[in-house]
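S.K.: So here's upload.cif (mmCIF, C-alpha atoms and all ligand atoms).
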data_protein
loop_
_atom_site.label_atom_id
_atom_site.label_comp_id
_atom_site.auth_asym_id
_atom_site.auth_seq_id
_atom_site.Cartn_x
_atom_site.Cartn_y
_atom_site.Cartn_z
CA MET A 887 85.33 93.28 80.18
CA GLN A 888 83.03 92.94 83.19
CA ASN A 889 80.48 95.60 83.94
CA PRO A 890 82.30 97.73 86.56
CA TYR A 891 79.01 99.02 87.97
CA GLN A 892 77.91 95.45 88.70
CA ASP A 893 81.26 94.86 90.39
CA ALA A 894 80.74 97.97 92.51
CA MET A 895 77.24 96.84 93.53
CA HIS A 896 78.62 93.40 94.35
CA GLN A 897 81.02 95.10 96.78
CA LEU A 898 78.11 96.98 98.32
CA ASP A 899 76.20 93.69 98.80
CA LYS A 900 79.26 92.16 100.37
CA VAL A 901 79.79 94.93 102.91
CA SER A 902 76.13 94.80 103.94
CA LYS A 903 76.75 91.18 104.95
CA VAL A 904 79.77 92.15 107.05
CA LYS A 905 77.96 95.01 108.84
CA ASN A 906 74.26 95.79 108.87
CA PHE A 907 73.75 99.36 107.62
CA GLY A 908 69.99 98.96 107.13
CA ASP A 909 68.23 98.19 103.85
CA ASP A 910 67.02 101.74 103.19
CA PHE A 911 70.48 103.22 103.44
CA ILE A 912 72.01 100.58 101.16
CA ALA A 913 69.12 100.95 98.66
CA ARG A 914 69.81 104.68 98.49
CA LEU A 915 73.42 103.99 97.57
CA ARG A 916 72.48 101.66 94.73
CA ILE A 917 71.34 104.38 92.38
CA PRO A 918 73.06 107.69 91.56
CA ASP A 919 71.26 110.94 92.39
CA ARG A 920 71.57 111.97 88.77
CA ASP A 921 73.01 110.38 85.65
CA ILE A 922 73.41 112.83 82.78
CA ARG A 923 74.26 111.91 79.17
CA ILE A 924 75.06 114.62 76.67
CA SER A 925 76.00 114.99 73.03
CA ILE A 926 78.85 117.35 72.23
CA PRO A 927 79.05 118.70 68.67
CA VAL A 928 82.61 119.64 67.70
CA SER A 929 83.79 121.40 64.55
CA MET A 930 86.78 119.41 63.36
CA ASP A 931 89.83 121.04 61.76
CA ASP A 932 88.83 119.71 58.32
CA GLY A 933 85.50 121.58 58.48
CA THR A 934 83.32 118.53 59.29
CA LEU A 935 81.11 118.25 62.38
CA LYS A 936 81.54 115.34 64.76
CA ILE A 937 79.22 114.46 67.65
CA PHE A 938 80.77 112.97 70.80
CA GLU A 939 79.00 111.29 73.72
CA GLY A 940 79.66 112.73 77.18
CA TYR A 941 78.60 111.93 80.72
CA ARG A 942 78.35 113.30 84.23
CA VAL A 943 77.14 111.08 87.03
CA GLU A 944 76.33 112.83 90.31
CA TYR A 945 76.22 109.88 92.64
CA ASN A 946 75.76 111.12 96.18
CA ASN A 947 76.25 114.48 97.92
CA THR A 948 75.51 113.59 101.53
CA LEU A 949 78.99 114.71 102.62
CA GLY A 950 79.42 117.71 100.28
CA PRO A 951 79.44 118.83 96.63
CA TYR A 952 79.80 116.03 94.06
CA LYS A 953 83.50 115.54 93.32
CA GLY A 954 85.24 113.41 90.73
CA GLY A 955 87.36 113.34 87.60
CA ILE A 956 86.57 113.39 83.90
CA ARG A 957 87.87 110.50 81.79
CA TYR A 958 88.58 110.68 78.05
CA HIS A 959 88.79 107.18 76.60
CA PRO A 960 87.32 105.25 73.63
CA ASP A 961 85.91 102.60 76.05
CA THR A 962 84.31 105.10 78.42
CA GLU A 963 80.59 104.39 78.80
CA ILE A 964 77.87 105.04 81.33
CA ASN A 965 78.38 101.93 83.50
CA GLU A 966 82.04 102.72 83.92
CA VAL A 967 81.26 106.32 84.86
CA LYS A 968 78.58 105.19 87.34
CA ALA A 969 80.98 102.75 89.00
CA LEU A 970 83.70 105.39 89.22
CA ALA A 971 81.20 107.89 90.69
CA PHE A 972 80.11 105.34 93.31
CA TRP A 973 83.75 104.71 94.28
CA MET A 974 84.33 108.47 94.48
CA THR A 975 81.48 108.72 97.00
CA LEU A 976 83.18 106.15 99.21
CA LYS A 977 86.65 107.55 98.53
CA CYS A 978 85.81 111.01 99.81
CA ALA A 979 84.09 109.44 102.81
CA VAL A 980 86.96 107.12 103.73
CA ALA A 981 89.44 109.99 103.47
CA GLY A 982 87.11 112.05 105.66
CA ILE A 983 86.87 115.05 103.32
CA PRO A 984 83.61 117.05 102.99
CA MET A 985 82.87 116.05 99.40
CA GLY A 986 80.38 113.76 97.72
CA GLY A 987 80.98 111.49 94.74
CA GLY A 988 80.69 112.13 91.01
CA LYS A 989 82.46 111.28 87.79
CA GLY A 990 82.42 112.37 84.18
CA GLY A 991 83.71 111.30 80.84
CA ILE A 992 83.69 111.48 77.08
CA THR A 993 83.86 108.51 74.71
CA VAL A 994 86.87 109.61 72.69
CA ASP A 995 90.45 108.72 71.86
CA PRO A 996 92.04 112.11 72.60
CA HIS A 997 95.27 111.09 70.85
CA LYS A 998 93.38 111.21 67.55
CA LEU A 999 92.34 114.87 68.00
CA SER A 1000 94.38 117.98 67.34
CA LYS A 1001 94.95 120.29 70.29
CA ALA A 1002 92.36 122.75 68.95
CA GLU A 1003 89.76 119.96 68.56
CA LEU A 1004 90.50 118.74 72.07
CA GLU A 1005 89.97 122.25 73.42
CA ARG A 1006 86.64 122.65 71.59
CA LEU A 1007 85.51 119.24 72.86
CA SER A 1008 86.46 120.08 76.47
CA ARG A 1009 84.73 123.46 76.33
CA GLY A 1010 81.72 121.72 74.74
CA TRP A 1011 81.44 119.36 77.74
CA VAL A 1012 81.28 122.38 80.06
CA LYS A 1013 78.74 124.26 77.88
CA LYS A 1014 76.31 121.34 78.12
CA LEU A 1015 76.79 120.86 81.87
CA SER A 1016 77.37 124.37 83.25
CA ASP A 1017 73.95 124.40 84.96
CA VAL A 1018 74.74 121.45 87.18
CA LEU A 1019 78.37 122.36 87.98
CA GLY A 1020 79.58 124.90 90.55
CA PRO A 1021 81.85 125.22 93.58
CA HIS A 1022 79.06 124.22 95.94
CA LYS A 1023 77.30 121.81 93.58
CA ASP A 1024 79.65 119.66 91.52
CA VAL A 1025 83.44 120.01 91.22
CA PRO A 1026 85.13 117.96 88.46
CA ALA A 1027 88.85 117.09 88.22
CA PRO A 1028 91.24 115.25 85.88
CA ASP A 1029 91.31 111.48 85.38
CA VAL A 1030 92.69 109.25 82.62
CA ASN A 1031 93.80 111.34 79.61
CA THR A 1032 92.69 114.67 81.07
CA THR A 1033 95.42 117.12 81.96
CA PRO A 1034 95.88 120.36 83.95
CA GLU A 1035 95.65 122.23 80.62
CA ILE A 1036 92.23 120.67 79.90
CA MET A 1037 91.09 121.66 83.41
CA ALA A 1038 92.24 125.24 82.71
CA TRP A 1039 90.14 125.33 79.47
CA MET A 1040 87.16 123.97 81.35
CA ALA A 1041 87.53 126.41 84.25
CA ASP A 1042 87.83 129.26 81.76
CA GLU A 1043 84.72 128.16 79.86
CA TYR A 1044 82.76 127.87 83.09
CA ALA A 1045 83.87 131.36 84.21
CA LYS A 1046 82.86 132.79 80.80
CA ILE A 1047 79.37 131.26 81.00
CA THR A 1048 78.59 131.91 84.65
CA GLY A 1049 80.87 134.80 85.67
CA ASP A 1050 82.14 132.70 88.59
CA LYS A 1051 85.46 134.14 89.73
CA THR A 1052 86.42 131.64 92.44
CA ARG A 1053 88.02 129.13 90.01
CA ALA A 1054 86.85 126.50 92.54
CA THR A 1055 84.58 124.61 90.12
CA PHE A 1056 87.44 122.61 88.57
CA THR A 1057 90.46 121.20 90.37
CA GLY A 1058 93.71 119.81 88.97
CA LYS A 1059 94.37 123.16 87.25
CA PRO A 1060 97.90 124.38 86.48
CA ILE A 1061 99.42 126.32 89.40
CA HIS A 1062 99.23 129.67 87.54
CA ASN A 1063 95.50 129.07 86.96
CA GLY A 1064 94.69 128.51 90.64
CA GLY A 1065 95.96 124.93 90.97
CA SER A 1066 97.41 123.50 94.17
CA GLU A 1067 101.03 122.69 94.81
CA GLY A 1068 101.50 118.92 94.87
CA ARG A 1069 98.36 117.94 92.88
CA GLY A 1070 100.37 116.23 90.12
CA VAL A 1071 102.05 113.74 92.45
CA ALA A 1072 99.24 113.55 95.03
CA THR A 1073 97.74 110.20 93.99
CA GLY A 1074 101.07 108.37 93.89
CA LEU A 1075 102.29 110.06 97.07
CA GLY A 1076 99.04 109.36 98.90
CA GLY A 1077 99.34 105.71 97.89
CA PHE A 1078 102.82 105.65 99.34
CA TYR A 1079 101.63 107.15 102.66
CA VAL A 1080 98.90 104.51 102.94
CA PHE A 1081 101.36 101.75 101.99
CA ASN A 1082 103.85 102.99 104.58
CA ILE A 1083 101.36 102.72 107.44
CA LEU A 1084 100.32 99.23 106.37
CA SER A 1085 103.76 97.87 105.45
CA LYS A 1086 104.73 97.79 109.12
CA GLU A 1087 101.57 95.86 109.99
CA LEU A 1088 101.95 93.48 107.05
CA ASN A 1089 105.59 92.64 107.85
CA LEU A 1090 106.90 93.70 104.44
CA PRO A 1091 110.67 94.02 103.88
CA GLU A 1092 112.34 97.43 104.31
CA LYS A 1093 113.37 97.35 100.67
CA CYS A 1094 110.46 96.04 98.61
CA LYS A 1095 110.53 94.85 95.00
CA VAL A 1096 107.75 96.72 93.23
CA ALA A 1097 106.00 95.99 89.90
CA ILE A 1098 103.79 98.72 88.43
CA GLN A 1099 101.15 98.33 85.72
CA GLY A 1100 100.54 101.68 84.00
CA PHE A 1101 103.18 104.37 83.56
CA GLY A 1102 101.00 107.47 83.32
CA ASN A 1103 100.41 110.21 85.86
CA VAL A 1104 99.77 107.84 88.76
CA GLY A 1105 102.09 104.92 87.89
CA ALA A 1106 105.15 106.97 86.91
CA ASN A 1107 104.87 109.18 90.01
CA ALA A 1108 104.42 106.15 92.25
CA ALA A 1109 107.52 104.55 90.68
CA GLU A 1110 109.53 107.68 91.43
CA ILE A 1111 108.28 108.00 95.01
CA PHE A 1112 108.84 104.32 95.90
CA THR A 1113 112.37 104.55 94.47
CA GLN A 1114 113.10 107.74 96.43
CA HIS A 1115 112.15 105.85 99.60
CA GLY A 1116 114.61 103.02 98.99
CA HIS A 1117 112.36 100.48 97.25
CA ILE A 1118 113.27 98.85 93.93
CA VAL A 1119 110.98 99.16 90.92
CA ILE A 1120 111.59 95.97 88.94
CA ALA A 1121 108.89 96.30 86.25
CA VAL A 1122 106.66 98.91 84.61
CA SER A 1123 104.23 98.81 81.71
CA ASP A 1124 102.03 100.98 79.53
CA SER A 1125 99.25 100.15 77.08
CA LYS A 1126 101.72 98.83 74.51
CA SER A 1127 104.47 97.02 76.41
CA ALA A 1128 106.09 96.02 79.70
CA ILE A 1129 109.71 95.82 80.84
CA TYR A 1130 111.38 93.93 83.69
CA LYS A 1131 114.79 94.11 85.33
CA GLU A 1132 115.39 92.03 88.44
CA SER A 1133 118.00 94.42 89.90
CA GLY A 1134 115.76 97.48 89.40
CA LEU A 1135 115.02 100.00 86.65
CA ASP A 1136 116.70 103.38 86.33
CA LEU A 1137 113.52 105.45 86.04
CA GLU A 1138 115.12 108.58 84.65
CA LYS A 1139 116.54 106.52 81.79
CA VAL A 1140 113.21 104.71 81.32
CA GLU A 1141 111.41 108.06 81.01
CA ALA A 1142 114.01 109.28 78.48
CA HIS A 1143 113.73 106.02 76.50
CA LYS A 1144 109.94 106.33 76.38
CA LYS A 1145 110.20 109.94 75.27
CA ASN A 1146 112.68 109.11 72.51
CA THR A 1147 111.11 105.92 71.17
CA GLY A 1148 107.44 106.42 72.14
CA ALA A 1149 107.43 103.08 74.00
CA LEU A 1150 108.89 101.26 77.00
CA LYS A 1151 109.94 98.15 75.08
CA ASP A 1152 113.57 97.39 74.24
CA PHE A 1153 114.88 99.40 77.16
CA GLU A 1154 118.55 98.56 77.48
CA GLY A 1155 119.34 95.92 80.11
CA ALA A 1156 115.67 95.07 80.70
CA LYS A 1157 113.60 92.15 79.44
CA ASN A 1158 110.47 92.76 77.36
CA ILE A 1159 107.52 91.01 79.01
CA THR A 1160 103.75 91.09 78.57
CA ASN A 1161 101.34 92.95 80.80
CA GLU A 1162 100.02 89.57 81.99
CA GLU A 1163 103.52 88.49 82.98
CA LEU A 1164 104.04 91.74 84.88
CA LEU A 1165 101.00 91.04 87.04
CA GLU A 1166 102.30 87.56 87.84
CA LEU A 1167 105.87 88.57 88.73
CA ASN A 1168 107.57 87.44 91.88
CA CYS A 1169 107.60 90.75 93.79
CA ASP A 1170 106.69 92.23 97.16
CA VAL A 1171 104.30 94.93 95.97
CA LEU A 1172 102.14 94.87 92.85
CA ILE A 1173 100.69 98.26 91.90
CA PRO A 1174 97.93 98.27 89.28
CA ALA A 1175 97.87 101.90 88.07
CA ALA A 1176 96.09 101.64 84.71
CA PHE A 1177 92.45 100.51 84.43
CA GLU A 1178 89.60 98.44 85.86
CA ASP A 1179 89.38 94.64 85.72
CA GLN A 1180 93.06 93.76 85.47
CA ILE A 1181 93.19 91.18 88.26
CA THR A 1182 90.39 88.72 87.59
CA LYS A 1183 89.37 85.16 88.45
CA ASP A 1184 91.58 84.05 85.54
CA ASN A 1185 94.87 85.39 86.89
CA ALA A 1186 94.31 85.98 90.64
CA ASP A 1187 95.58 82.53 91.48
CA LYS A 1188 98.84 83.25 89.66
CA ILE A 1189 99.63 86.46 91.57
CA LYS A 1190 102.84 86.07 93.60
CA ALA A 1191 103.08 89.57 95.12
CA LYS A 1192 102.95 89.82 98.93
CA VAL A 1193 100.58 92.79 98.76
CA ILE A 1194 98.58 94.67 96.10
CA LEU A 1195 98.35 98.44 96.27
CA GLU A 1196 95.45 99.53 94.07
CA LEU A 1197 96.27 102.93 92.61
CA ALA A 1198 93.94 102.44 89.62
CA ASN A 1199 90.20 102.48 90.25
CA GLY A 1200 88.57 99.05 90.32
CA PRO A 1201 91.55 96.97 89.08
CA THR A 1202 90.48 93.86 91.02
CA THR A 1203 87.18 92.10 90.29
CA PRO A 1204 85.10 90.78 93.21
CA GLU A 1205 85.90 87.15 92.25
CA ALA A 1206 89.62 87.92 92.22
CA ASP A 1207 89.28 89.72 95.56
CA GLU A 1208 87.91 86.55 97.12
CA ILE A 1209 90.70 84.38 95.66
CA LEU A 1210 93.37 86.80 96.93
CA TYR A 1211 91.77 86.92 100.38
CA GLN A 1212 91.85 83.11 100.56
CA LYS A 1213 95.50 83.19 99.43
CA ASN A 1214 96.28 85.67 102.22
CA ILE A 1215 97.43 88.40 99.81
CA PRO A 1216 96.20 91.71 101.25
CA VAL A 1217 94.72 94.18 98.78
CA ILE A 1218 95.08 97.81 99.86
CA PRO A 1219 91.89 99.08 98.28
CA ASP A 1220 91.60 101.81 95.66
CA ILE A 1221 89.13 103.91 97.59
CA LEU A 1222 91.81 104.67 100.17
CA ALA A 1223 95.05 103.87 98.28
CA ASN A 1224 94.38 106.39 95.49
CA SER A 1225 92.46 108.97 97.54
CA GLY A 1226 95.49 111.29 97.67
CA GLY A 1227 94.40 112.82 94.35
CA VAL A 1228 90.94 113.82 95.48
CA THR A 1229 92.24 114.94 98.87
CA VAL A 1230 94.63 117.45 97.27
CA SER A 1231 91.83 118.41 94.85
CA TYR A 1232 89.78 119.24 97.93
CA PHE A 1233 92.72 121.33 99.23
CA GLU A 1234 92.75 123.17 95.87
CA TRP A 1235 89.01 123.87 96.13
CA GLU A 1236 89.46 125.19 99.68
CA GLN A 1237 92.43 127.40 98.68
CA ASN A 1238 90.41 128.82 95.74
CA LEU A 1239 87.41 129.60 97.94
CA LYS A 1240 89.57 131.25 100.62
CA GLY A 1241 91.86 133.01 98.12
CA GLU A 1242 94.92 131.26 99.60
CA HIS A 1243 97.92 129.44 98.17
CA TRP A 1244 99.52 126.80 100.39
CA THR A 1245 103.13 125.64 100.09
CA GLU A 1246 103.94 122.13 98.89
CA LYS A 1247 105.14 121.29 102.41
CA GLN A 1248 101.79 122.38 103.91
CA VAL A 1249 99.92 120.32 101.31
CA PHE A 1250 101.97 117.16 101.88
CA ASN A 1251 101.77 117.48 105.69
CA LYS A 1252 97.99 117.84 105.57
CA LEU A 1253 97.73 114.93 103.12
CA LYS A 1254 99.89 112.67 105.29
CA THR A 1255 97.90 113.48 108.44
CA ILE A 1256 94.63 112.61 106.70
CA LEU A 1257 95.86 109.40 105.07
CA ASP A 1258 97.78 108.11 108.11
CA TYR A 1259 94.64 108.51 110.21
CA SER A 1260 92.32 106.92 107.62
CA SER A 1261 94.72 104.01 107.02
CA LYS A 1262 94.81 103.18 110.72
CA LYS A 1263 91.03 103.46 110.87
CA MET A 1264 90.62 101.08 107.90
CA LEU A 1265 92.98 98.58 109.49
CA SER A 1266 91.21 98.67 112.83
CA LYS A 1267 87.78 98.15 111.18
CA ALA A 1268 89.16 95.22 109.13
CA ARG A 1269 90.44 93.66 112.35
CA GLU A 1270 87.28 94.40 114.35
CA PHE A 1271 85.08 92.72 111.72
CA LYS A 1272 87.69 90.05 110.79
CA THR A 1273 87.42 91.03 107.15
CA SER A 1274 89.51 92.32 104.24
CA LEU A 1275 91.05 95.78 104.08
CA ARG A 1276 88.55 96.65 101.31
CA MET A 1277 85.62 95.83 103.54
CA GLY A 1278 87.33 97.72 106.38
CA ALA A 1279 87.57 100.80 104.14
CA PHE A 1280 83.94 100.42 103.00
CA ILE A 1281 82.80 100.24 106.64
CA VAL A 1282 84.71 103.43 107.55
CA ALA A 1283 83.19 105.19 104.50
CA LEU A 1284 79.63 103.98 105.00
CA GLU A 1285 79.68 104.80 108.72
CA ARG A 1286 80.73 108.38 107.86
CA ILE A 1287 78.02 108.78 105.22
CA LYS A 1288 75.34 107.19 107.39
CA GLU A 1289 76.20 109.40 110.36
CA LYS A 1290 75.67 112.55 108.24
CA TYR A 1291 72.64 111.03 106.49
P1 LIG A 1301 97.06 108.17 82.60
O1 LIG A 1301 96.28 108.29 81.37
O2 LIG A 1301 98.03 109.26 82.95
O3 LIG A 1301 97.90 106.79 82.60
C1 LIG A 1301 97.36 105.54 82.33
C2 LIG A 1301 98.51 104.59 82.03
O4 LIG A 1301 98.01 103.27 81.87
C3 LIG A 1301 99.26 104.93 80.75
O5 LIG A 1301 100.65 104.73 80.97
C4 LIG A 1301 98.73 103.90 79.75
O6 LIG A 1301 99.67 103.62 78.72
C5 LIG A 1301 98.58 102.71 80.69
N1 LIG A 1301 97.69 101.67 80.20
C6 LIG A 1301 96.56 101.78 79.51
N2 LIG A 1301 96.05 100.57 79.24
C7 LIG A 1301 96.90 99.68 79.80
C8 LIG A 1301 96.94 98.27 79.87
N3 LIG A 1301 95.99 97.52 79.31
N4 LIG A 1301 97.97 97.69 80.51
C9 LIG A 1301 98.93 98.44 81.06
N5 LIG A 1301 98.95 99.77 81.04
C10 LIG A 1301 97.96 100.38 80.41
O7 LIG A 1301 96.02 107.95 83.77
P2 LIG A 1301 96.22 108.15 85.33
O8 LIG A 1301 95.71 109.49 85.71
O9 LIG A 1301 97.61 107.75 85.70
O10 LIG A 1301 95.17 107.09 85.90
C11 LIG A 1301 95.49 105.71 86.06
C12 LIG A 1301 94.48 105.09 87.01
O11 LIG A 1301 94.52 105.76 88.26
C13 LIG A 1301 93.03 105.15 86.55
O12 LIG A 1301 92.35 104.01 87.01
C14 LIG A 1301 92.49 106.37 87.28
O13 LIG A 1301 91.10 106.35 87.44
C15 LIG A 1301 93.22 106.21 88.60
N6 LIG A 1301 93.29 107.43 89.40
C16 LIG A 1301 93.88 108.56 88.88
C17 LIG A 1301 93.96 109.68 89.68
C18 LIG A 1301 94.68 110.92 89.23
O14 LIG A 1301 94.90 111.80 90.05
N7 LIG A 1301 95.10 111.01 87.99
C19 LIG A 1301 93.42 109.69 90.97
C20 LIG A 1301 92.83 108.52 91.45
C21 LIG A 1301 92.78 107.40 90.65
#
If you took the structure in this file and wrote it as structure tokens, what would it be?
Ligand code: NAD

M.R.:
Amino acid sequence: MQNPYQDAMHQLDKVSKVKNFGDDFIARLRIPDRDIRISIPVSMDDGTLKIFEGYRVEYNNTLGPYKGGIRYHPDTEINEVKALAFWMTLKCAVAGIPMGGGKGGITVDPHKLSKAELERLSRGWVKKLSDVLGPHKDVPAPDVNTTPEIMAWMADEYAKITGDKTRATFTGKPIHNGGSEGRGVATGLGGFYVFNILSKELNLPEKCKVAIQGFGNVGANAAEIFTQHGHIVIAVSDSKSAIYKESGLDLEKVEAHKKNTGALKDFEGAKNITNEELLELNCDVLIPAAFEDQITKDNADKIKAKVILELANGPTTPEADEILYQKNIPVIPDILANSGGVTVSYFEWEQNLKGEHWTEKQVFNKLKTILDYSSKKMLSKAREFKTSLRMGAFIVALERIKEKY
């Protein structure tokens, strides 16, 4: 695996060649404000003590409190968290929300822990970091393998330690714990709003064939939303397997099959394929919704999709980006395509601070207004500078940060 932080810095170098932002400003964005590593001792159910490694990177707060999810994964390490925190900084800026960028994580396979161990671990992360968190300082959220329930444990631990009653320090909470309507589907829905604005400009068919890598929170919701809007999801995958059906998958049945068998493979009427094959399918829209570094210099040339909608963070390496640009395959970049999640997290924070609860309709209308506007802005910058959509999005973000700076 490439070092995602190096990839992120490569993108920063690239945008500075497209538009001159000044060396001092770019130098400031090369290094996070603060990069915190912690050890978290957890009493395991069998009476032993296990020490886990945890992280919080507070990258940049020019636009507002640090904001970004917490990832639980065995491969999570500091360079990944730094890259994700950098992208969060740009993501909040491109969406135009008053938040800075941060990210957190724990090196752990949560599926190997009992629920009680997971709760102690999550509360342990908060205990070590409570000093730096807060509604006006640093506001974490869920990411890969972290759920609304985990956010509720964390919010509760933070309230116990600090007495804070706003519940605005963690977002992505369950509704009854101060969560926002619409947060669960926000990333997939936001991606659809961005896609919808661009699909007209990119001359895509009315009924697109869509292949989705990753069938978790983001991928499964995106599959549902694209289907509801008349598109056909022809392939989906998870960490273990991938399935393909030319005429389209019945998602309800796919979900039921996964629930019953624990896997996607051998779904009736569909062909089992590999994750590599999924990425190279003949389709209109390819949606990476799993992890970083999935489209690389080794497979970019084999991509046949007409457009890539990046719902995962950092799925395309800089080398692959260049190959796709030369092949005229537009990449709708992660920092805008998946910004629906953080935008609704920001709505949750605002509702908590004001003591309000907005309806799902209000949330979706506000989200659509923000993402329609930012998508058009990204497109116009890409055209003005005759560059890729990613560089267009970076320019919008960096202009916003520099103006405040
Ligand atoms: P998740 O844990 O709910 O789902 C991840 C999915 O990816 C699972 O289905 C898993 O089986 C699958 N997967 C793992 N390794 C894979 C592989 N090698 N090939 C194919 N599939 C694989 O996580 P999520 O919240 O859906 O996040 C997915 C991506 O979206 C991440 O990059 C995350 O940072 C990004 N993202 C998430 C949110 C959010 O609101 N959850 C917001 C913005 C961006």

S.K.: Would you pick out the contacts of Lys1252 in chain A at 12 Å or less, using all atoms listed in the file, so that residues sharing its chain but fewer than 3 positions from it are not included, and give the list as a list in words?

M.R.: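 After dropping sequence-adjacent residues, the list is Ala981, Ile983, Gly1068, Ala1072, Gly1076, Tyr1079, Gly1226, Thr1229, Val1230, Tyr1232, Phe1233, Trp1244, Thr1245, Glu1246, Lys1247, Gln1248, Val1249, Thr1255, Ile1256, Leu1257, Asp1258 and Tyr1259 of chain A.
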
S.K.: Check every protein, DNA and RNA residue against ligand LIG 1301 (chain A), keep those with an atom at most 8 Å away (counting all atoms listed in the file), and present them as an MDAnalysis selection string.

M.R.: chainID A and resid 955 957 970 1028:1032 1069:1073 1099:1106 1123:1128 1161 1174:1178 1180 1197:1201 1220 1224:1228

S.K.: Residues near Arg1053 in chain A, anyone? I mean within 7 Å using all atoms listed in the file, not counting same-chain ones fewer than 2 positions away, as number ranges by chain.

M.R.: A: 1041, 1051, 1055-1056, 1064, 1238

S.K.: In Å to one decimal, how far is CA of Glu966 in chain A from CA of Tyr891 in chain A?

M.R.: 6.3 Å

S.K.: Under the rule that all atoms listed in the file are counted, which of A:Thr1160, A:Asn1185, A:Gln1237, A:Gln1114 is the nearest residue to Glu1205 in chain A?

M.R.: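 Nearest to Glu1205 in chain A: A:Asn1185.
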
S.K.: Using only C-alpha atoms for the distances, tell me which of A:Val1193, A:Ala1206, A:Ala1045, A:Val928 is nearest to Ser1000 in chain A.

M.R.: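 When distances to Ser1000 in chain A are compared using only C-alpha atoms, the smallest one comes from A:Val928.
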
S.K.: Report the distance between CA of Met1264 in chain A and CA of Val904 in chain A in Å, rounded to one decimal place.

M.R.: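 We find that CA of Met1264 in chain A and CA of Val904 in chain A lie 14.1 Å from each other.
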
S.K.: So that all listed atoms of range 1016-1027 of chain A fit with 5 Å spare on each side, what axis-aligned box centre and edge lengths in Å, to one decimal, would you give as lines of an AutoDock Vina configuration file?

M.R.:
center_x = 81.4
center_y = 121.2
center_z = 89.6
size_x = 24.9
size_y = 18.1
size_z = 22.7

S.K.: Taking (81.5, 92.6, 115.7) in the file's coordinates, which residues come within 12 Å, counting only C-alpha atoms, written as a PDB file with C-alpha atoms, in the frame of the given file?

M.R.:
ATOM      1  CA  LYS A 903      76.750  91.180 104.950  1.00  0.00           C
ATOM      2  CA  VAL A 904      79.770  92.150 107.050  1.00  0.00           C
ATOM      3  CA  LYS A 905      77.960  95.010 108.840  1.00  0.00           C
ATOM      4  CA  ASN A 906      74.260  95.790 108.870  1.00  0.00           C
ATOM      5  CA  SER A1266      91.210  98.670 112.830  1.00  0.00           C
ATOM      6  CA  LYS A1267      87.780  98.150 111.180  1.00  0.00           C
ATOM      7  CA  ALA A1268      89.160  95.220 109.130  1.00  0.00           C
ATOM      8  CA  ARG A1269      90.440  93.660 112.350  1.00  0.00           C
ATOM      9  CA  GLU A1270      87.280  94.400 114.350  1.00  0.00           C
ATOM     10  CA  PHE A1271      85.080  92.720 111.720  1.00  0.00           C
ATOM     11  CA  LYS A1272      87.690  90.050 110.790  1.00  0.00           C
ATOM     12  CA  THR A1273      87.420  91.030 107.150  1.00  0.00           C
ATOM     13  CA  ILE A1281      82.800 100.240 106.640  1.00  0.00           C
TER      14      ILE A1281
END

S.K.: Neighbouring residues of range 1150-1155 of chain A were defined as those with any atom within 9 Å, considering only C-alpha atoms; residues of the same chain fewer than 2 positions away were excluded. Please report them as a PyMOL selection string.

M.R.: chain A and resi 1122-1124+1126-1131+1135+1139-1141+1143-1145+1147-1148+1157-1159

S.K.: Tell me, as a PyMOL selection string, which residues lie within 7 Å of Pro918 in chain A, counting only C-alpha atoms; anything in the same chain fewer than 2 positions away does not count.

M.R.: chain A and resi 916+920-921+943-946
